[in-house]
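Let me begin by presenting the structure, written as structure tokens, before commenting on it.
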Amino acid sequence: MRVAFQTLGCKVNQYETQAMEEILLARGHSLAPFEGEADVYIVNSCTVTATSDKKSRQAVRQARKRAPGAVVALCGCYAQVSPEEAAQLDADLIGGSGDRLGFLSLLEQMAECRQRVVSVDNALHRRAFEELPAGGLEGRTRAMLKVEDGCTNFCSYCIIPYARGPVRSLPTGRAVEEARRLMGLGYRELVITGIEISSYGRDLPGRPTIADLVEEVCGAVPGTRVRLGSLEPRTITEEFCQRLSRIPNLCPHFHLSMQSGCDATLARMKRKYDTARYYESVAFLRKFFDRPGITTDMIVGFPGETPEEFEQTLAFIRMCGFSQMHIFPYSKRRGTPAAAMEGQLPNAEKARRTHAGAETARAMGISWRTNWLGEIVEVLFEEEKDGFWRGYTPQYMEVRAAGDGDLHNTFRRVKITAVGEDGAFGALVEEENI
């Protein structure tokens with residue numbers, strides 16, 4: 001059967017979609033674009049915001065409208081936390097955020113005998129890490145290696161612990177095996193990902209840490225870049241930075257979850273750090289790594305956030321000098337403490353603050369990239385678009401350069417010649433691969 005996927009949300013969702021694609025291909029099925037004709041349409045949903053829920057529902061409706069006779073299936077975090085609501089959609093199969101192999105088996109059965117099924121477990125009862133094939137499809141340069149699932153932080157605004165359950169980790173030895181397999185398939189960069197990778201190993205014998213895992217994985221694939229997913233700021237200690245700074249193939253790019261630059265707002269969010277501890281992490285990274293890329297997420301318009309608190313946040317992010325930011329307006333999540341808090345801000349004010357935050361982030365990004373003008377950097381090129389080859393430096397700066405021939409999946413030396421709104425431009429220094 002021809003199967004089409006639509007994936008919403010985070011890198012973990014992208015990883016799980018790629019894994020499901022590989023499993024279906026191995027079982028003899030083929031893939032089709034979601035906008036085209038297919039026998040089966042699968043929406044891998046997200047529920048991190050109300051907008052994510054809406055997009056997930058819209059994708060199901062679009063698939064049904066496009067192909068009334070096809071099998072339409074919904075899985076992922078939205079279906080996990082809102083199975084009754086999801087069941088009102090015109091989907092044939094509804095699965096959650098776990099047991100992807102069982103979900104695909106039900107899907108195959110449904111293609112033979114159409115019957116509406118809702119198969120969603122209780123995520124809070126999960127105890128085992130579900131191993132899925134790591135990697136990506138042919139033609140991609142980066143592969144994702146999922147090493148952890150679940151979160152027990154229970155921030156006041158977040159529904160994800162209910163969607164993903166408690167922390168479960170992939171044993172270090174298995175992660176090393178998968179990394180070697182992906183290197184053998186030709187991937188030049190691995191992204192270590194999970195729902196909360198800072199919690200990696202707390203459920204494993206001996207309680208290995210994320211630093212232990214990184215050392216093992218990087219040592220096993222010396223010719224491959226290794227990049228880390230999102231980290232909790234308290235993970236970044238002096239010892240952590242000392243250890244990781246000695247690893248030549250670890251990308252000096254760190255995504256530190258922030259959410260707010262105001263201590264009062266962080267306390268209402270039930271975050272486990274304050275701005276002083278967060279800034280200490282930023283300082284440690286800049287002490288031990290040469291011009292690292294430091295990226296973050298920020299929620300604006302959280303309940304009770306005053307204009308003064310928002311200004312504190314803007315001042316704090318300017319002090320941190322991030323290379324890139326993702327900024328979101330606060331979105332009510334049913335079932336979370338923040339949804340019942342007083343001081344809910346109107347959408348217009350949240351939009352205004354989102355714009356102000358984005359403008360500050362844009363200026364910081366340009367300033368950070370400007371510091372690279374005239375420098376020679378290593379770029380792993382991924383694709384050709386609009387007359388330029390595009391790729392990323394270890395610091396996760398996007399670079400565009402003109403070049404003859406196929407640069408896909410090659411490391412090339414590039415001199416940065418100009419800076420744009422969302423990346424940099426450069427010229428190839430040499431034609432040989434490095």
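Just remember, in the structure tokens the first chain shown is A, the second B, etc., residues are 1-based per chain, and ligands are 1-based in the order shown.
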Contacts of Ser119 in chain A at 10 Å (only C-alpha atoms; same-chain gap of 4+ positions) as a VMD selection string: chain A and resid 75 79 to 80 83 93 to 96 99 102 to 103 106
All residues 9 Å or closer to Phe302 in chain A, only C-alpha atoms, same chain fewer than 3 positions away omitted, as a PyMOL selection string: chain A and resi 157+260+265+268-269+299+305+329-331+338+343-345+350
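These are the residues of range 183-311 of chain A assigned strand (DSSP E) by DSSP from backbone coordinates: A:Glu189, A:Leu190, A:Val191, A:Ile192, A:Thr193, A:Gly194, A:Arg225, A:Val226, A:Arg227, A:Leu228, A:His253, A:Phe254, A:His255, A:Gly293, A:Ile294, A:Thr295, A:Thr296, A:Asp297, A:Met298, A:Ile299, A:Val300.
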Selection near Thr224 in chain A, 8 Å with only C-alpha atoms, sequence-local residues under 4 positions removed, as an NGL selection string: :A and (183 or 187-190 or 218 or 249)
Restrict the selected residues to all heavy atoms and save them as a short mmCIF file (atom, residue, chain, number, x, y, z; two decimals), in the first residue's frame.
```
data_model
loop_
_atom_site.label_atom_id
_atom_site.label_comp_id
_atom_site.auth_asym_id
_atom_site.auth_seq_id
_atom_site.Cartn_x
_atom_site.Cartn_y
_atom_site.Cartn_z
N MET A 183 26.47 5.74 10.91
CA MET A 183 27.71 6.17 10.26
C MET A 183 27.99 5.29 9.05
O MET A 183 28.38 5.77 7.98
CB MET A 183 28.87 6.12 11.25
CG MET A 183 30.20 6.59 10.65
SD MET A 183 31.58 6.53 11.82
CE MET A 183 31.76 4.75 12.04
N TYR A 187 25.56 8.69 6.94
CA TYR A 187 25.17 9.95 7.56
C TYR A 187 26.40 10.65 8.13
O TYR A 187 27.24 10.02 8.76
CB TYR A 187 24.14 9.71 8.67
CG TYR A 187 22.80 9.27 8.13
CD1 TYR A 187 22.42 7.93 8.16
CD2 TYR A 187 21.93 10.19 7.56
CE1 TYR A 187 21.19 7.52 7.65
CE2 TYR A 187 20.71 9.79 7.04
CZ TYR A 187 20.34 8.46 7.10
OH TYR A 187 19.13 8.06 6.58
N ARG A 188 26.49 11.96 7.92
CA ARG A 188 27.64 12.73 8.37
C ARG A 188 27.39 13.48 9.67
O ARG A 188 28.30 14.06 10.23
CB ARG A 188 28.06 13.73 7.28
CG ARG A 188 28.20 13.15 5.88
CD ARG A 188 29.24 12.05 5.78
NE ARG A 188 30.58 12.48 6.05
CZ ARG A 188 31.41 13.03 5.15
NH1 ARG A 188 31.00 13.21 3.91
NH2 ARG A 188 32.63 13.37 5.49
N GLU A 189 26.12 13.48 10.12
CA GLU A 189 25.79 14.14 11.38
C GLU A 189 24.68 13.37 12.09
O GLU A 189 23.69 12.97 11.46
CB GLU A 189 25.35 15.58 11.14
CG GLU A 189 25.02 16.34 12.43
CD GLU A 189 24.71 17.81 12.20
OE1 GLU A 189 25.56 18.49 11.58
OE2 GLU A 189 23.62 18.27 12.60
N LEU A 190 24.85 13.17 13.38
CA LEU A 190 23.83 12.53 14.21
C LEU A 190 23.32 13.55 15.22
O LEU A 190 24.10 14.28 15.84
CB LEU A 190 24.40 11.33 14.96
CG LEU A 190 25.10 10.25 14.15
CD1 LEU A 190 25.52 9.10 15.06
CD2 LEU A 190 24.19 9.74 13.04
N CYS A 218 30.25 9.74 20.66
CA CYS A 218 31.22 10.48 19.85
C CYS A 218 32.49 9.66 19.62
O CYS A 218 33.07 9.69 18.52
CB CYS A 218 31.57 11.81 20.52
SG CYS A 218 30.25 13.05 20.46
N ASN A 249 34.43 15.92 17.72
CA ASN A 249 33.32 15.83 16.77
C ASN A 249 31.98 16.19 17.38
O ASN A 249 30.93 15.99 16.76
CB ASN A 249 33.25 14.44 16.13
CG ASN A 249 33.15 13.32 17.14
OD1 ASN A 249 33.69 13.39 18.24
ND2 ASN A 249 32.47 12.24 16.76
#
```
Residue contacts of Ala111 in chain A (9 Å, only C-alpha atoms) excluding same-chain residues fewer than 4 positions away, as a PyMOL selection string: chain A and resi 1+39-40+70-71+106-107
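Counting only C-alpha atoms, the residue from A:Asp422, A:Glu22, A:Glu430, A:Asp404 that sits nearest to Arg369 in chain A is A:Asp422.
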Pairwise distance for CA of Met110 in chain A and CA of Thr47 in chain A, rounded to one decimal in Å: 25.5 Å
Considering only C-alpha atoms, tabulate each residue of range 379-412 of chain A that lies at most 10 Å from range 272-296 of chain A along with its nearest interatomic pair and the corresponding distance in Å to one decimal; arrange the rows by chain and ascending residue number and present them as a Markdown table.
```
| residue | atom | partner | partner_atom | distance |
| --- | --- | --- | --- | --- |
| A:Thr393 | CA | A:Gly293 | CA | 9.6 |
| A:Pro394 | CA | A:Gly293 | CA | 8.3 |
| A:Gln395 | CA | A:Gly293 | CA | 4.6 |
| A:Tyr396 | CA | A:Gly293 | CA | 6.4 |
| A:Met397 | CA | A:Gly293 | CA | 7.7 |
```
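If you look at CA of Cys151 in chain A and CA of Gly261 in chain A, they are 22.3 Å away from each other.
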